[in-house]
Amino acid sequence: MNLFLSTLILFISTILLVFFLKKNKILIQWKNRKNDKRRIKIEDALKYLYNCEYNKLTCSLNSIAGSLSITSNEAANLIKILEEMGMIATAGESFILTAEGKRYALRVIRTHRLWEKYLADETSISETDWHSLAEIKEHKITSEEAENLSAQIGNPLFDPHGDPIPTAEGIIPRRKGIPLTQLEKGDFGKIVHLEDEPSAIYQQLVAEGLYIGQQVKLIDKNNERLHFEANNESCFLAPSFAKNVTVEMLPDLSLVKKSFKRLSDLKLGEKGVVVGISKACRGKQRRRLLDLGLVPGSVVKAEIKSVGGDPTGFNIRGALIAIRKKQSDQIFIKNESE
Amino acid sequence: MKNRENILNKANELRWEIGESLHDNLLESIYKFATEISSRVIAVDVSKKSKSFDSKLDQILTSSKFGFPIMFLLLALVFWLTIEGANIPSSLLSSFLIDSIYPQLKTFSSNIGLPFWVDGILIDGCYLAMAWVIAVMLPPMAIFFPLFTLLEDFGYLPRVAFNMDFLFKRAGAHGKQALTMAMGFGCNAAAVISTRIIDSPRERLIAIITNNFSLCNGRWPMQILIATIFIGALAPSHLAGLFSAAAVVGITLLGILLALLVSWSLSKTILKGEASAFSLELPPYRPPRILKTLYTSLIDRTIFVLWRAVVFAVPAGAMIWLVSNITFEGLSIAEWFINWANPFGLLIGLNGVILLAYIIAIPANEIVLPTILMLTVLVAGTPEIGAGSGVMFELDSAAATANVLSLGEWSLLTGVSIMLFSLMHNPCSTTIYTIYKETGSVKWTFVAAVLPLLIGFVFCFFLAQIWRLFG
Amino acid sequence: MNLNRLTHAGNQCENCPAHNIPNLKKLGINMDKVDQVIALAGNPNTGKSTVFNNLTGLKQHTGNWPGKTVTRAEGTFEYNTKRFKIVDLPGTYSLLSTSTDEEIARDFILFGQPDVTVIVADSTRLERNLNLTLQVLEITDRAILCLNLMDEAARHRISIDTKQLSKELGIPVIEAEARQKKGMNELLQSIDEIISGRYKCKPFRMNKLSPQIEHSLKQLEVLIKKEFPNMPNSRWVALRLLEGDQKIIDSIRSGEIGLIHSYNQNDLSNNIYEKNTV
Ligand SMILES: Nc1nc2c(ncn2[C@@H]2O[C@H](COP(=O)(O)OP(=O)(O)OP(=O)(O)O)[C@@H](O)[C@H]2O)c(=O)[nH]1
Ligand SMILES: [Mg+2]
């Protein structure tokens, strides 16, 4: 009887204890989540303000509310908090970041861009998801984790959209280049940046097959649309879309090739000379291909196709190397005689 | 200290200036130097003939008409040679180790008056387990390994990876996974380490988790033996070898199929993503040095694996003897477990003995079959077998095994089920530990250990139900 | 057919002198009191493990496909009464990327400070093998190029002017057929010559990269030289900094990289090896 009773008491108290501990934990978690939400809003606001400054725009209460999708009341609240924290100062109608605020904003931006770079280089996650995933991650990792990440992916300088990644000390260079809309008829340019916000526009740009490093030629433009050539294919974009593409003017026309064949175009037994690897091929994959000898000037010959028809074996500098079509699509070649 | 930071800051500054093209430029330059130097030192006789032989061979081995048929035929040939060749030496070994040595040991121990439990643990446990391992495993390994090594040295394996790549790509996996699976045919633990050739972490994890579907050293002999006993017996005797070989090829292919399917489901669910880049150097064919290869793979690989098997078999043998001799309310521990597990075992086409054997054999797959045989003899055995004489001592070892198994009331279904279960169950402890070391994650180690087991249970369950429905 | 001829030739060679190299004692994994450390580097599938097995008597797995060795293996042997430790590295195409196997190889050649690095190359694909060779020469100034698979080169009618190659690269070049155990003696002799100082390597260094890179490299190299005056490969370190190599950044910060120094100045390398690895 006694034994039974004591067991029962022990049992019940254990359950209570476990429940209490768990509940406590849940409470803390819940509180944390609320704090997190506020922190995310703060970080997003700082980032937005920084971007305004970087692009030399002024931002108002309303534009902040709009970009964070909150009411203007909430935005006003947020601004107050930021001011109390010493992150921003008001200048008439608009706001400017204090040194502290700028540092904080750059740290968030660094994390965001590092994460995008990581997704682009090290994972096979689709391009259109990079930004949204990084939007979440930027609030989640500590700056120490961000530094580890940076080291792991080789301390990159630019994110996959061509944006510079601020250093850990918060240094960032000025952006070069002009919007695609500013090119004149017949001008050549090289894409240096594809703006990833708003994402609807970005997805359209990606769908058009545009990528950083691509060379474009403006054929024609009017108020409704721009007509340009990218990799020998005609593209049309509305000006409102085209302004999200930043290009660097290419004065030296000899640099620009009108059209390139791709490695995947080679039929068995045909030869070609490598001219370059598309910038869309990044990170480790790119370095691997270079290491294997796919550098400009290398002669390649398609030798065998696998049973399933996909990887093709190319003779590259004396060795037979199998490459999937997805990669050989990204390698540009010319005929041996050219 | 400040100087050092200076260096780093300067480096950063310069990096902004150079931009991202450094690596491209660098390799282009290095290759330019390489071309210059080699143009001055290399001379090639253009009227070369052997090179065109290589590329002709490549064209046949990778053609859509012959690529896969040749692969299957080679695989079948290897198994057929193993099965046909292993039979006689196997029976010689077992008649020597078990017919001649075992009774002598028994007599010797009773002459010097060893207590029954010492005699039991050492001779009925350790020695018998070791003898079984050697008799059952040595001959097939001594034939299988050298043949496989010949293919490997010739340069055929990368062509297999090349041909199978489109399947792996569709499964969202890496083409080099085929190579690591080929390594798995040797040893899963080594293969898990060899997945380092896969750059992408996601695809590497997939390769690690699915590697267990490559039958390893420890499992080939059992597949071959069971196929000989149960499948070979279905065919007229002159075709028995071919039939058994076909069965083993079937299991192997099923393993590859499963690896592909599991890779596919993993990359659709918890390891989401598309197949990343893949580049593989296809080495030139190099004529292997046949005798040397035979010699070294026999000495190095075979003896190494056998040694491992023996090392694990000896304690397992002792344990088997203990569990079948320590009694509790009149039944041995082994019998308690077997009786308890039997209904479940039967549900999936196996039996309690097999399940117990798989638990005892977690340290090494090599000892599953010997454990099953010993348990059957020790537990279900007739008194004469328990006393150390009887069925095991027939001349032909496959027939001897068959006899023992018939004692345990094995049917064709049991044979097929155990072949399947041996393909689909948890990896051995060494492999599990290696997976943990390579992934550094308890979670993935757990997935890799439990997933194949679950698949095995489900697969065998359905097979058994359907079989009984129609059989 | 070809196959038979080769096997036959192989068998005959069981008796040829190369098979019993004088003064070589294979010591397996006995690591007592090693005097010198040798690294085996090279592209994948060039026969590094075969050379390793020949010298140590160990049984590293070999196989005709790239990537057979993925971890580094160590063994010892004794030659001319000196004890050598030899390290079989994973095969790599380059030392510039960041995959695990390349890191293992790169770290060992740089921080492990082997007394001699033997680069095993595939003679039938020399041009692409030179890519790695040139990179190794940027890091270390004591190296040997072992032209392996000469039998295959002959089968493909490729001939190589080794004397000229040796002159171009500034290091000894040894012809070998590792599987037939040919050339091992010459390789050992050459190792001995370098260690005893009878042969002075003057490794080829890539001096004219693109103007922009050269410009940046020079600026950085000056700073590095000032902080670490004894560093033999400051140019390469500068290059790695420009690529953002974290290991190098860390070792600059900690000053560890300053411990690496030229063999031509003094020969106390073993201590450093002990310090830096293990
Ligand atoms: N014909 C011929 N074959 C050789 C020679 N040396 C090595 N081989 C073969 O070449 C293949 C590759 O040899 P390994 O020693 O495994 O090459 P490795 O450089 O260690 O390769 P990884 O570990 O993948 O980097 C094996 O099949 C060897 O038998 C040689 O001199 N002649
Ligand atoms: Mg090797």
# chains A, B, ... in the order shown; residues from 1 in each chain; ligands from 1
>>> interface_residues(of="chain C", to="chain B", cutoff="8 Å", atoms="only C-alpha atoms", output="number ranges by chain")
C: 2-3, 6-7, 10, 45, 59, 63-70, 99-101, 126-128, 130-131, 134, 152, 155-162, 164-165, 168, 206, 209-210, 212-213, 216, 220, 223-224, 227, 238, 241-243, 249, 252-253, 255
>>> residues_around(residues="range 177-183 of chain C", least_positions_apart="4", cutoff="6 Å", atoms="only C-alpha atoms", output="mmCIF file with N, CA, C and O atoms, in the first residue's frame")
data_model
loop_
_atom_site.group_PDB
_atom_site.id
_atom_site.type_symbol
_atom_site.label_atom_id
_atom_site.label_comp_id
_atom_site.auth_asym_id
_atom_site.auth_seq_id
_atom_site.Cartn_x
_atom_site.Cartn_y
_atom_site.Cartn_z
ATOM 1 N N ALA C 18 65.315 -3.342 -60.582
ATOM 2 C CA ALA C 18 64.442 -2.349 -59.983
ATOM 3 C C ALA C 18 63.559 -2.960 -58.900
ATOM 4 O O ALA C 18 63.092 -2.286 -58.000
ATOM 5 N N VAL C 51 52.861 4.303 -56.147
ATOM 6 C CA VAL C 51 54.211 4.675 -55.725
ATOM 7 C C VAL C 51 54.345 4.505 -54.217
ATOM 8 O O VAL C 51 55.312 3.922 -53.712
ATOM 9 N N ASN C 148 54.891 9.385 -64.301
ATOM 10 C CA ASN C 148 54.471 7.991 -64.176
ATOM 11 C C ASN C 148 53.753 7.537 -65.440
ATOM 12 O O ASN C 148 53.478 8.335 -66.338
ATOM 13 N N LEU C 149 53.450 6.258 -65.495
ATOM 14 C CA LEU C 149 52.691 5.683 -66.611
ATOM 15 C C LEU C 149 53.431 5.850 -67.944
ATOM 16 O O LEU C 149 52.803 6.063 -68.976
ATOM 17 N N MET C 150 54.749 5.757 -67.882
ATOM 18 C CA MET C 150 55.514 5.886 -69.113
ATOM 19 C C MET C 150 55.173 4.766 -70.091
ATOM 20 O O MET C 150 55.241 4.934 -71.307
#
>>> residues_near_ligand(ligand="ligand 2", cutoff="7 Å", atoms="only C-alpha atoms and all ligand atoms", output="list in words")
Asn45, Gly47, Lys48, Ser49, His61, Thr62, Lys68, Thr69, Asp88, Pro90 and Gly91 of chain C
>>> closest_atom_pairs(of="chain A", to="chain C", cutoff="6 Å", atoms="only C-alpha atoms", output="tab-separated table")
residue	atom	partner	partner_atom	distance
A:Ala151	CA	C:Gln246	CA	5.4
A:Gly154	CA	C:Gly244	CA	5.6
A:Asn155	CA	C:Gly244	CA	5.2
A:Asp291	CA	C:Tyr93	CA	6.0
A:Gly318	CA	C:Arg125	CA	5.6
>>> write_last_selection(atoms="N, CA and C atoms", output="short mmCIF file (atom, residue, chain, number, x, y, z; two decimals), in the first residue's frame")
data_model
loop_
_atom_site.label_atom_id
_atom_site.label_comp_id
_atom_site.auth_asym_id
_atom_site.auth_seq_id
_atom_site.Cartn_x
_atom_site.Cartn_y
_atom_site.Cartn_z
N ALA A 151 33.58 32.67 -44.54
CA ALA A 151 34.83 31.92 -44.70
C ALA A 151 34.58 30.65 -45.50
N GLY A 154 34.44 31.19 -49.18
CA GLY A 154 35.57 31.86 -49.80
C GLY A 154 35.50 33.37 -49.77
N ASN A 155 34.93 33.93 -48.71
CA ASN A 155 34.88 35.39 -48.54
C ASN A 155 34.50 36.14 -49.81
N ASP A 291 39.31 24.32 -63.45
CA ASP A 291 40.40 23.42 -63.08
C ASP A 291 40.56 22.30 -64.09
N GLY A 318 43.40 16.48 -73.60
CA GLY A 318 43.93 15.12 -73.49
C GLY A 318 43.15 14.18 -72.61
#
>>> select_by_dssp(residues="range 163-330 of chain A", states="strand (DSSP E or B)", output="PyMOL selection string")
chain A and resi 164+178-179+188-194+215-221+226-230+233-237+245-249+261-262+271-277+299-305+312-316+319-323
>>> residues_around(residues="range 194-200 of chain A", least_positions_apart="2", cutoff="9 Å", atoms="only C-alpha atoms", output="ChimeraX atom specification")
/A:128,131-132,160-163,191-192,202-206,210-212,243-247
>>> write_last_selection(atoms="C-alpha atoms", output="PDB file, in the first residue's frame")
ATOM      1  CA  THR A 128      13.888  32.895 -57.810  1.00  0.00           C
ATOM      2  CA  HIS A 131      16.029  36.443 -52.169  1.00  0.00           C
ATOM      3  CA  SER A 132      13.025  35.339 -50.155  1.00  0.00           C
ATOM      4  CA  PRO A 160      24.761  36.627 -57.125  1.00  0.00           C
ATOM      5  CA  HIS A 161      22.814  39.702 -58.295  1.00  0.00           C
ATOM      6  CA  GLY A 162      26.038  41.649 -58.644  1.00  0.00           C
ATOM      7  CA  ASP A 163      25.532  43.699 -55.490  1.00  0.00           C
ATOM      8  CA  ILE A 191      24.988  43.442 -67.140  1.00  0.00           C
ATOM      9  CA  VAL A 192      26.450  44.131 -63.705  1.00  0.00           C
ATOM     10  CA  TYR A 202      13.052  40.048 -60.984  1.00  0.00           C
ATOM     11  CA  GLN A 203      11.389  36.795 -61.948  1.00  0.00           C
ATOM     12  CA  GLN A 204      10.537  38.235 -65.310  1.00  0.00           C
ATOM     13  CA  LEU A 205      14.173  39.217 -65.835  1.00  0.00           C
ATOM     14  CA  VAL A 206      15.368  35.761 -64.906  1.00  0.00           C
ATOM     15  CA  LEU A 210      19.345  37.564 -68.253  1.00  0.00           C
ATOM     16  CA  TYR A 211      22.318  37.059 -65.985  1.00  0.00           C
ATOM     17  CA  ILE A 212      25.225  39.007 -64.531  1.00  0.00           C
ATOM     18  CA  LYS A 243      15.418  50.081 -65.275  1.00  0.00           C
ATOM     19  CA  ASN A 244      15.995  47.248 -62.818  1.00  0.00           C
ATOM     20  CA  VAL A 245      18.848  46.012 -64.985  1.00  0.00           C
ATOM     21  CA  THR A 246      22.146  47.797 -64.396  1.00  0.00           C
ATOM     22  CA  VAL A 247      24.744  47.663 -67.127  1.00  0.00           C
TER      23      VAL A 247
END
>>> residues_around(residues="Ile144 in chain C", least_positions_apart="2", cutoff="10 Å", atoms="only C-alpha atoms", output="list in words")
Leu40, Val116, Thr117, Val118, Ile119, Val120, Thr133, Leu137, Asp141, Arg142, Cys146, Leu147, Ser166, Leu169, Gly170, Ile171, Pro172, Val173, Ile174, Leu187, Ser190, Ile191, Ile194, Cys201 and Pro203 of chain C
>>> select_by_dssp(residues="range 87-243 of chain B", states="helix (DSSP H, G or I)", output="ChimeraX atom specification")
/B:87-111,116-154,156-170,177-184,188-197,201-213,220-234,237-243
>>> closest_atom_pairs(of="chain A", to="chain B", cutoff="8 Å", atoms="only C-alpha atoms", output="CSV")
residue,atom,partner,partner_atom,distance
A:Glu122,CA,B:Ser200,CA,6.7
A:Thr123,CA,B:Ser200,CA,7.1
A:Ser124,CA,B:Glu274,CA,5.4
A:Ile125,CA,B:Gly273,CA,5.8
A:Leu157,CA,B:Trp16,CA,6.9
A:Phe158,CA,B:Glu20,CA,7.7
A:Pro173,CA,B:Trp16,CA,7.7
A:Gln285,CA,B:Ala277,CA,6.1
A:Arg287,CA,B:His23,CA,7.5
A:Leu289,CA,B:Ser279,CA,7.8
A:Leu290,CA,B:Leu27,CA,6.6
A:Asp291,CA,B:Leu27,CA,7.0
A:Gly293,CA,B:Tyr31,CA,7.3
A:Val295,CA,B:Glu28,CA,5.4
A:Pro296,CA,B:Glu28,CA,6.7
A:Glu303,CA,B:Ser55,CA,7.8
A:Ile304,CA,B:Gln59,CA,6.2
A:Lys305,CA,B:Thr62,CA,6.8
A:Ser306,CA,B:Asn163,CA,4.8
A:Val307,CA,B:Ser64,CA,4.3
A:Gly308,CA,B:Phe166,CA,5.6
A:Gly309,CA,B:Phe166,CA,7.7
A:Asp310,CA,B:Phe166,CA,6.1
A:Pro311,CA,B:Phe162,CA,7.0
A:Gly313,CA,B:Leu282,CA,8.0
A:Ala319,CA,B:Glu281,CA,7.0
A:Leu320,CA,B:Leu282,CA,5.3
A:Ile321,CA,B:Glu281,CA,4.4
A:Ala322,CA,B:Leu280,CA,5.1
A:Ile323,CA,B:Ser279,CA,4.9
A:Arg324,CA,B:Phe278,CA,6.3
A:Lys326,CA,B:Ala277,CA,7.5
A:Gln327,CA,B:Ala277,CA,6.6
>>> closest_residue(among="B:Thr293, B:Thr327, B:Asn365, B:Thr252", to="Leu75 in chain B", atoms="only C-alpha atoms")
B:Thr252
>>> closest_residue(among="C:Glu186, C:Glu102, C:Glu214, C:Asp107", to="ligand 1", atoms="only C-alpha atoms and all ligand atoms")
C:Glu102
>>> residues_around(residues="range 266-277 of chain A", least_positions_apart="6", cutoff="7 Å", atoms="only C-alpha atoms", output="JSON, numbers by chain")
{"A": [294, 295, 296, 297, 298, 299, 300, 301, 302, 303, 304, 330, 331, 332, 333, 334, 335, 336]}
>>> residues_around(residues="Leu106 in chain A", least_positions_apart="3", cutoff="9 Å", atoms="only C-alpha atoms", output="PyMOL selection string")
chain A and resi 46-47+50+101-103+109-111+165-172
>>> residues_around(residues="Glu248 in chain A", least_positions_apart="6", cutoff="8 Å", atoms="only C-alpha atoms", output="ChimeraX atom specification")
/A:176-178,189-192
>>> atom_distance(atom1="CA of Ala464 in chain B", atom2="CA of Ser417 in chain B")
7.8 Å
>>> closest_residue(among="A:Asp129, A:Glu116, A:Glu184, A:Glu138", to="Arg39 in chain A", atoms="only C-alpha atoms")
A:Glu138
